[in-house]
$ cat upload-v2.txt   # compact mmCIF, C-alpha atoms
# COMPACT_ATOMS: atom_id res chain seq x y z
CA TYR N 1 -5.39 18.46 114.30
CA PRO N 2 -3.64 20.97 112.06
CA LEU N 3 -0.06 20.47 110.96
CA LEU N 4 2.40 23.32 111.32
CA SER N 5 4.25 22.82 108.06
CA LYS N 6 3.75 22.27 104.39
CA PHE N 7 5.73 19.54 102.71
CA SER N 8 9.24 20.74 101.93
CA ILE N 9 10.32 20.76 98.30
CA PHE N 10 13.65 21.93 96.93
CA TYR N 11 16.03 21.83 93.98
CA LEU N 12 19.72 22.35 93.34
CA MET N 13 22.25 23.70 90.90
CA GLY N 14 25.62 22.46 89.71
CA GLY N 15 29.01 23.73 88.61
CA VAL N 16 30.21 26.30 86.11
CA SER N 17 32.80 26.15 83.34
CA ARG N 18 34.76 28.41 80.99
CA LYS N 19 37.48 27.35 78.56
CA GLY N 20 38.36 24.15 80.34
CA LEU N 21 37.97 25.52 83.89
CA THR N 22 35.44 23.45 85.80
CA ILE N 23 34.52 24.28 89.39
CA THR N 24 31.80 22.48 91.29
CA PRO N 25 30.56 24.16 94.51
CA HIS N 26 30.72 22.07 97.65
CA LYS N 27 31.17 22.47 101.37
CA GLY N 28 34.74 22.83 102.59
CA SER N 29 35.87 23.92 99.14
CA PRO N 30 39.62 24.52 98.92
CA TYR N 31 39.25 27.30 96.39
CA GLU N 32 39.76 30.12 98.87
CA ASP N 33 43.31 28.84 99.31
CA VAL N 34 43.66 28.20 95.60
CA LEU N 35 42.84 31.82 94.78
CA GLY N 36 46.24 33.00 95.89
CA GLU N 37 48.00 30.24 93.97
CA LEU N 38 46.00 30.85 90.80
CA PHE N 39 46.42 34.58 90.65
CA SER N 40 49.51 35.61 92.64
CA ASP N 41 51.77 35.43 89.57
CA GLN N 42 49.44 37.10 87.08
CA GLY N 43 51.14 40.47 87.26
CA GLY N 44 49.74 43.74 85.94
CA ASP N 45 48.79 42.32 82.55
CA GLY N 46 46.54 39.71 84.15
CA LEU N 47 44.40 42.41 85.73
CA LEU N 48 43.41 43.56 82.25
CA ASP N 49 42.37 40.06 81.16
CA PRO N 50 38.63 39.30 81.52
CA ASP N 51 39.45 35.60 81.87
CA TYR N 52 41.52 36.46 84.96
CA TRP N 53 38.50 38.09 86.61
CA TYR N 54 36.19 35.30 85.46
CA LYS N 55 38.39 32.61 86.99
CA LYS N 56 38.72 34.64 90.16
CA GLY N 57 34.94 35.01 90.29
CA ALA N 58 34.49 31.28 89.70
CA ALA N 59 36.87 30.49 92.55
CA HIS N 60 35.03 32.88 94.87
CA TYR N 61 31.74 31.27 93.81
CA SER N 62 33.04 27.82 94.66
CA SER N 63 34.27 28.93 98.08
CA GLY N 64 30.87 30.45 98.87
CA SER N 65 32.09 34.07 98.69
CA PHE N 66 29.27 35.14 96.42
CA GLU N 67 29.56 38.89 97.03
CA GLU N 68 33.23 38.75 96.02
CA ALA N 69 32.28 36.62 93.02
CA VAL N 70 29.86 39.34 91.90
CA LYS N 71 32.59 41.98 92.09
CA SER N 72 35.07 39.91 90.09
CA LEU N 73 32.54 38.94 87.44
CA GLU N 74 31.43 42.54 87.02
CA ARG N 75 35.09 43.41 86.34
CA ALA N 76 35.23 40.70 83.68
CA ILE N 77 32.09 42.07 82.04
CA GLU N 78 33.44 45.64 82.10
CA MET N 79 36.31 44.37 79.93
CA ASP N 80 34.20 42.12 77.72
CA ALA N 81 30.51 42.96 77.56
CA LEU N 82 29.84 39.89 75.38
CA PHE N 83 31.44 37.44 77.85
CA MET N 84 28.44 35.10 78.07
CA GLU N 85 29.93 32.78 80.71
CA ALA N 86 30.60 35.74 82.99
CA TRP N 87 27.02 36.96 82.64
CA HIS N 88 25.76 33.45 83.43
CA LEU N 89 27.94 33.04 86.51
CA LEU N 90 27.06 36.55 87.62
CA GLY N 91 23.41 35.46 87.52
CA GLU N 92 24.22 32.41 89.63
CA SER N 93 26.18 34.51 92.13
CA LEU N 94 23.40 37.10 92.40
CA ARG N 95 20.91 34.29 92.95
CA LYS N 96 23.03 32.95 95.79
CA GLU N 97 22.97 36.48 97.26
CA HIS N 98 19.14 36.41 97.05
CA ARG N 99 19.22 39.23 94.50
CA TYR N 100 16.78 37.43 92.27
CA SER N 101 15.61 40.28 90.00
CA GLU N 102 19.20 41.17 89.18
CA ALA N 103 19.93 37.48 88.61
CA VAL N 104 17.10 37.28 86.07
CA GLU N 105 18.56 40.29 84.24
CA SER N 106 22.01 38.68 84.13
CA PHE N 107 20.65 35.40 82.79
CA GLU N 108 18.67 37.31 80.16
CA THR N 109 21.82 39.11 79.03
CA ALA N 110 23.64 35.76 78.78
CA LEU N 111 20.75 34.48 76.68
CA ASP N 112 20.83 37.56 74.43
CA ILE N 113 24.42 36.57 73.65
CA GLU N 114 23.79 32.81 73.41
CA PRO N 115 20.07 31.99 73.11
CA ASP N 116 20.61 28.23 73.37
CA HIS N 117 22.49 28.27 76.68
CA ALA N 118 20.39 25.76 78.64
CA LYS N 119 21.99 26.48 82.02
CA SER N 120 21.05 30.16 81.78
CA TRP N 121 17.45 29.21 80.99
CA ARG N 122 17.52 26.94 84.05
CA GLY N 123 19.12 29.61 86.24
CA LYS N 124 16.50 32.10 85.09
CA ALA N 125 13.75 29.59 85.94
CA ILE N 126 15.13 29.14 89.46
CA ALA N 127 15.34 32.90 90.06
CA LEU N 128 11.79 33.37 88.72
CA ASN N 129 10.57 30.64 91.08
CA GLU N 130 12.16 32.51 93.97
CA LEU N 131 10.33 35.66 92.87
CA GLY N 132 7.02 33.76 92.83
CA ARG N 133 6.78 34.11 89.04
CA HIS N 134 6.11 30.43 88.54
CA GLU N 135 4.38 30.54 85.14
CA GLU N 136 7.38 32.40 83.71
CA ALA N 137 9.65 29.90 85.46
CA LEU N 138 7.84 27.08 83.66
CA GLU N 139 8.42 28.79 80.32
CA SER N 140 12.14 29.15 81.06
CA ALA N 141 12.43 25.55 82.26
CA ASP N 142 10.72 24.38 79.08
CA ARG N 143 13.21 26.34 76.98
CA ALA N 144 16.07 24.71 78.88
CA LEU N 145 14.58 21.27 78.33
CA GLU N 146 14.14 21.89 74.61
CA ILE N 147 17.93 22.27 74.51
CA GLU N 148 18.93 19.68 77.12
CA PRO N 149 15.99 17.29 77.68
CA SER N 150 18.12 14.95 79.81
CA ASP N 151 19.00 17.51 82.49
CA ALA N 152 17.57 16.09 85.73
CA ARG N 153 18.07 19.37 87.59
CA THR N 154 15.86 21.26 85.17
CA TRP N 155 13.10 18.66 85.55
CA ILE N 156 13.28 19.26 89.32
CA VAL N 157 13.07 23.02 88.76
CA LYS N 158 10.05 22.50 86.49
CA GLY N 159 8.44 20.23 89.08
CA TYR N 160 8.96 22.91 91.72
CA ALA N 161 7.19 25.48 89.53
CA PHE N 162 4.26 23.11 88.94
CA HIS N 163 4.18 22.33 92.67
CA SER N 164 4.10 26.02 93.56
CA THR N 165 1.09 26.53 91.27
CA ARG N 166 -0.64 23.54 92.90
CA LYS N 167 -0.39 21.39 89.77
CA PHE N 168 0.69 18.44 91.85
CA GLN N 169 0.23 15.67 89.27
CA GLU N 170 2.32 17.60 86.74
CA ALA N 171 4.90 18.17 89.47
CA ALA N 172 5.04 14.44 90.27
CA ASP N 173 5.46 13.65 86.58
CA SER N 174 8.37 16.11 86.33
CA TYR N 175 10.08 14.58 89.35
CA ASP N 176 9.61 11.14 87.76
CA ARG N 177 11.51 12.36 84.70
CA ALA N 178 14.38 13.52 86.92
CA ILE N 179 14.49 10.13 88.64
CA GLU N 180 14.47 8.28 85.29
CA ILE N 181 17.44 10.35 84.11
CA GLU N 182 19.47 10.13 87.34
CA PRO N 183 18.18 7.24 89.48
CA LEU N 184 21.00 7.56 92.02
CA GLY N 185 22.70 10.44 93.81
CA ALA N 186 21.64 13.68 95.47
CA ARG N 187 19.33 14.82 92.68
CA ALA N 188 17.41 11.53 92.80
CA GLY N 189 17.01 11.86 96.57
CA ARG N 190 15.61 15.36 96.18
CA ALA N 191 13.31 14.29 93.36
CA TRP N 192 11.93 11.38 95.44
CA ASN N 193 11.29 13.77 98.35
CA ASN N 194 9.59 16.31 96.09
CA LYS N 195 7.48 13.63 94.42
CA GLY N 196 6.38 12.47 97.87
CA ALA N 197 5.33 16.00 98.76
CA ALA N 198 3.33 16.28 95.53
CA LEU N 199 1.58 12.94 96.14
CA ASP N 200 0.83 13.92 99.74
CA ASN N 201 -0.89 17.03 98.43
CA LEU N 202 -2.93 14.77 96.15
CA GLY N 203 -3.98 12.68 99.17
CA ARG N 204 -1.99 9.66 97.95
CA HIS N 205 -0.19 9.17 101.25
CA GLU N 206 0.81 5.51 100.91
CA GLU N 207 2.57 6.28 97.63
CA ALA N 208 4.10 9.39 99.17
CA LEU N 209 5.51 7.32 102.04
CA GLU N 210 7.21 5.01 99.54
CA CYS N 211 8.80 8.06 97.91
CA TYR N 212 10.16 9.36 101.22
CA ASP N 213 11.60 5.93 101.96
CA GLU N 214 13.34 5.92 98.57
CA SER N 215 14.75 9.37 99.30
CA ILE N 216 16.04 8.26 102.70
CA LEU N 217 17.73 5.23 101.15
CA ILE N 218 19.74 7.65 99.01
CA ASP N 219 20.34 10.24 101.75
CA PRO N 220 19.53 9.08 105.30
CA PHE N 221 20.65 12.44 106.71
CA ASP N 222 18.10 14.59 104.89
CA PHE N 223 16.11 16.14 107.74
CA TYR N 224 13.53 17.64 105.37
CA THR N 225 12.58 14.19 104.14
CA TRP N 226 12.37 12.76 107.67
CA ASN N 227 10.02 15.63 108.59
CA ASN N 228 7.90 15.07 105.49
CA ARG N 229 7.76 11.37 106.26
CA GLY N 230 6.44 12.19 109.72
CA VAL N 231 3.77 14.50 108.34
CA CYS N 232 2.74 11.76 105.90
CA LEU N 233 2.50 9.21 108.72
CA ILE N 234 0.24 11.55 110.68
CA ALA N 235 -2.03 11.74 107.62
CA LEU N 236 -2.02 7.92 107.63
CA LYS N 237 -3.00 7.98 111.34
CA ARG N 238 0.27 6.39 112.44
CA PRO N 239 1.38 8.96 115.04
CA GLN N 240 3.91 6.78 116.88
CA GLU N 241 5.86 6.17 113.68
CA ALA N 242 5.50 9.88 112.89
CA VAL N 243 7.18 10.73 116.21
CA GLU N 244 10.08 8.47 115.30
CA SER N 245 10.52 10.27 111.97
CA PHE N 246 10.44 13.68 113.62
CA GLU N 247 13.00 12.44 116.15
CA LYS N 248 15.30 11.50 113.28
CA ALA N 249 14.87 14.95 111.74
CA VAL N 250 15.85 16.80 114.93
CA GLU N 251 18.66 14.33 115.63
CA ILE N 252 20.17 15.40 112.30
CA LEU N 253 19.39 19.12 112.78
CA PRO N 254 18.59 19.94 116.43
CA GLU N 255 17.53 23.51 115.56
CA TYR N 256 14.90 22.33 113.07
CA THR N 257 11.91 23.90 114.85
CA THR N 258 9.30 22.71 112.34
CA ALA N 259 10.03 19.07 113.16
CA TRP N 260 9.97 19.82 116.92
CA LYS N 261 6.53 21.44 116.57
CA ASN N 262 5.20 18.58 114.46
CA MET N 263 6.56 16.08 116.97
CA ALA N 264 4.75 17.93 119.77
CA LEU N 265 1.46 17.61 117.86
CA ALA N 266 2.05 13.90 117.24
CA LEU N 267 2.86 13.32 120.90
CA LYS N 268 -0.26 15.23 121.93
CA SER N 269 -2.38 12.95 119.75
CA LEU N 270 -0.85 10.02 121.67
CA GLY N 271 -1.74 11.63 125.00
CA ARG N 272 1.92 12.38 125.75
CA ASP N 273 1.99 16.16 126.17

$ encode --input "upload-v2.txt" --output "structure tokens"
Amino acid sequence: YPLLSKFSIFYLMGGVSRKGLTITPHKGSPYEDVLGELFSDQGGDGLLDPDYWYKKGAAHYSSGSFEEAVKSLERAIEMDALFMEAWHLLGESLRKEHRYSEAVESFETALDIEPDHAKSWRGKAIALNELGRHEEALESADRALEIEPSDARTWIVKGYAFHSTRKFQEAADSYDRAIEIEPLGARAGRAWNNKGAALDNLGRHEEALECYDESILIDPFDFYTWNNRGVCLIALKRPQEAVESFEKAVEILPEYTTAWKNMALALKSLGRD
């Protein structure tokens, strides 16, 4: 019977920095509160300082206020058109706003100023992937890796581009590189999941199942991986175990309709409509 989903693959980004300021995005960030503390005593002179607007934009970015981040970063760039870090973070903020073409343009401006800025090459690759321009994304990821070959995130981005062009072996190899570089943590969990999806598409389901299990060891609350594991188990003709994986996925995210639909198909194959 047909499955209602493709295998889920995904990648992630990290923090931003400028002159000693380092802000890493995360849920429940305190930076909305920090904004007032950081900038309340700047006075009129601070408003004319591009660093002021950059730091404000970075704080908005961290708190998830990406539209406000865009506004602040544009102010920084108005005052300093060669402010590479502001162009880079503007690209990241636009990407978070799903304004991918504008994000590409911002990353390209950052790279005009500093051609060897690996994070801008990676950000450009991610935005190009979102635009479906996967061959260009591969070129940008390769440029990033020429500069920072040990960046696990960029290997995941490259794997995603290969995956999206159905070059599944090359995708699996890229995810392997990410795992070699960072064998533990969130990026490793995502790389194991993505490698499993690539192997599933190659028909190597037993190996794929091992990858999903590795991913779950790192992050047992990743509903995407539980769903993928269920799809893999259906391919292995193990529908009862598939149901159990789908149950885990919807236990973690009850509104995850894909897993509900896949579970219904698995139950139907067991004669339990």

$ residues_around --input "upload-v2.txt" --residues "Gly230 of chain N" --least-positions-apart "5" --cutoff "8 Å" --atoms "only C-alpha atoms" --output "list in words"
Glu241, Ala242, Val243, Glu244, Ser245 and Phe246 of chain N

$ write_last_selection --input "upload-v2.txt" --atoms "C-alpha atoms" --output "short mmCIF file (atom, residue, chain, number, x, y, z; two decimals), in the frame of the given file"
data_model
loop_
_atom_site.label_atom_id
_atom_site.label_comp_id
_atom_site.auth_asym_id
_atom_site.auth_seq_id
_atom_site.Cartn_x
_atom_site.Cartn_y
_atom_site.Cartn_z
CA GLU N 241 5.86 6.17 113.68
CA ALA N 242 5.50 9.88 112.89
CA VAL N 243 7.18 10.73 116.21
CA GLU N 244 10.08 8.47 115.30
CA SER N 245 10.52 10.27 111.97
CA PHE N 246 10.44 13.68 113.62
#

$ residues_around --input "upload-v2.txt" --residues "Asn228 of chain N" --least-positions-apart "2" --cutoff "12 Å" --atoms "all atoms listed in the file" --output "PyMOL selection string"
chain N and resi 3-9+192-201+205+208-213+215-216+222-226+230-235+242-243+245-246+248-249+258-259+262-263

$ closest_residue --input "upload-v2.txt" --among "N:Ile179, N:Ala171, N:Leu47, N:Ile113" --to "Arg153 of chain N" --atoms "only C-alpha atoms"
N:Ile179

$ closest_residue --input "upload-v2.txt" --among "N:Ser140, N:Gln169, N:Asn227, N:Ser164" --to "Leu253 of chain N" --atoms "all atoms listed in the file"
N:Asn227

$ closest_residue --input "upload-v2.txt" --among "N:Asp142, N:Glu67, N:Glu251, N:Glu135" --to "Lys119 of chain N" --atoms "only C-alpha atoms"
N:Asp142

$ atom_distance --input "upload-v2.txt" --atom1 "atom CA of Lys55 of chain N" --atom2 "atom CA of Ser93 of chain N"
13.4 Å

$ atom_distance --input "upload-v2.txt" --atom1 "atom CA of Gly64 of chain N" --atom2 "atom CA of Pro50 of chain N"
21.0 Å

$ atom_distance --input "upload-v2.txt" --atom1 "atom CA of Lys124 of chain N" --atom2 "atom CA of Leu48 of chain N"
29.4 Å

$ residues_around --input "upload-v2.txt" --residues "Ala152 of chain N" --least-positions-apart "2" --cutoff "6 Å" --atoms "all atoms listed in the file" --output "list in words"
Thr154, Trp155, Ala178 and Ile181 of chain N

$ closest_residue --input "upload-v2.txt" --among "N:Arg204, N:His98, N:His60, N:Arg75" --to "Ile126 of chain N" --atoms "only C-alpha atoms"
N:His98

$ closest_residue --input "upload-v2.txt" --among "N:Ala118, N:Lys56, N:Arg133, N:Glu85" --to "Ser106 of chain N" --atoms "only C-alpha atoms"
N:Glu85

$ residues_around --input "upload-v2.txt" --residues "Ala144 of chain N" --least-positions-apart "5" --cutoff "9 Å" --atoms "only C-alpha atoms" --output "PyMOL selection string"
chain N and resi 116-122+125+139+149+151+154

$ residues_around --input "upload-v2.txt" --residues "Gly123 of chain N" --least-positions-apart "2" --cutoff "12 Å" --atoms "only C-alpha atoms" --output "PyMOL selection string"
chain N and resi 11-16+87-96+100-108+110-111+117-121+125-130+137-138+140-141+143-144+153-154+157-158

$ closest_residue --input "upload-v2.txt" --among "N:Glu148, N:Glu68, N:Asp176, N:Glu255" --to "Ala188 of chain N" --atoms "all atoms listed in the file"
N:Asp176

$ decode --input "upload-v2.txt" --residues "segment 171-252 of chain N" --atoms "C-alpha atoms" --output "short mmCIF file (atom, residue, chain, number, x, y, z; two decimals), in the first residue's frame"
data_model
loop_
_atom_site.label_atom_id
_atom_site.label_comp_id
_atom_site.auth_asym_id
_atom_site.auth_seq_id
_atom_site.Cartn_x
_atom_site.Cartn_y
_atom_site.Cartn_z
CA ALA N 171 23.75 12.58 0.65
CA ALA N 172 24.50 9.66 2.98
CA ASP N 173 28.23 10.30 2.60
CA SER N 174 27.74 13.97 3.52
CA TYR N 175 25.74 13.06 6.61
CA ASP N 176 28.51 10.62 7.57
CA ARG N 177 31.00 13.49 7.49
CA ALA N 178 28.78 15.52 9.82
CA ILE N 179 28.56 12.58 12.24
CA GLU N 180 32.34 12.07 12.16
CA ILE N 181 32.87 15.73 13.06
CA GLU N 182 30.19 15.94 15.77
CA PRO N 183 29.26 12.42 16.93
CA LEU N 184 27.07 13.70 19.78
CA GLY N 185 24.45 16.42 20.15
CA ALA N 186 21.56 17.77 18.10
CA ARG N 187 23.44 17.96 14.82
CA ALA N 188 24.46 14.30 15.08
CA GLY N 189 20.85 13.31 15.75
CA ARG N 190 19.70 15.19 12.67
CA ALA N 191 22.48 13.74 10.55
CA TRP N 192 21.61 10.17 11.64
CA ASN N 193 17.95 10.81 10.76
CA ASN N 194 18.85 12.28 7.38
CA LYS N 195 21.25 9.43 6.61
CA GLY N 196 18.46 6.98 7.42
CA ALA N 197 16.15 8.76 4.99
CA ALA N 198 18.82 8.62 2.27
CA LEU N 199 19.42 4.89 2.85
CA ASP N 200 15.67 4.22 2.84
CA ASN N 201 15.48 5.85 -0.57
CA LEU N 202 18.27 3.53 -1.69
CA GLY N 203 16.25 0.53 -0.48
CA ARG N 204 18.74 -0.21 2.32
CA HIS N 205 16.08 -0.37 5.01
CA GLU N 206 17.93 -2.41 7.64
CA GLU N 207 20.78 0.09 7.61
CA ALA N 208 18.28 2.94 7.65
CA LEU N 209 16.61 1.49 10.74
CA GLU N 210 19.96 1.45 12.54
CA CYS N 211 20.39 5.13 11.68
CA TYR N 212 16.97 6.05 13.09
CA ASP N 213 17.78 4.15 16.26
CA GLU N 214 21.04 6.09 16.61
CA SER N 215 19.14 9.34 16.12
CA ILE N 216 16.58 8.40 18.78
CA LEU N 217 19.36 7.55 21.24
CA ILE N 218 20.53 11.16 20.89
CA ASP N 219 17.06 12.74 20.84
CA PRO N 220 14.20 10.43 21.90
CA PHE N 221 11.68 13.26 21.43
CA ASP N 222 12.27 13.81 17.72
CA PHE N 223 8.86 13.02 16.21
CA TYR N 224 10.21 13.21 12.64
CA THR N 225 12.61 10.36 13.34
CA TRP N 226 9.92 8.24 15.01
CA ASN N 227 7.74 8.72 11.92
CA ASN N 228 10.60 7.84 9.59
CA ARG N 229 11.35 4.77 11.67
CA GLY N 230 7.74 3.67 11.26
CA VAL N 231 7.85 4.16 7.50
CA CYS N 232 11.06 2.13 7.39
CA LEU N 233 9.48 -0.68 9.42
CA ILE N 234 6.56 -0.81 6.99
CA ALA N 235 9.07 -1.24 4.16
CA LEU N 236 10.57 -4.10 6.19
CA LYS N 237 7.07 -5.63 6.53
CA ARG N 238 6.99 -5.14 10.29
CA PRO N 239 3.70 -3.22 10.61
CA GLN N 240 3.11 -3.82 14.33
CA GLU N 241 6.45 -2.24 15.21
CA ALA N 242 5.67 0.53 12.72
CA VAL N 243 2.45 1.30 14.61
CA GLU N 244 4.44 1.61 17.83
CA SER N 245 6.82 4.11 16.20
CA PHE N 246 3.95 6.18 14.84
CA GLU N 247 2.37 6.13 18.29
CA LYS N 248 5.56 7.57 19.73
CA ALA N 249 5.57 10.31 17.09
CA VAL N 250 2.01 11.45 17.86
CA GLU N 251 2.60 11.12 21.61
CA ILE N 252 5.36 13.71 21.21
#
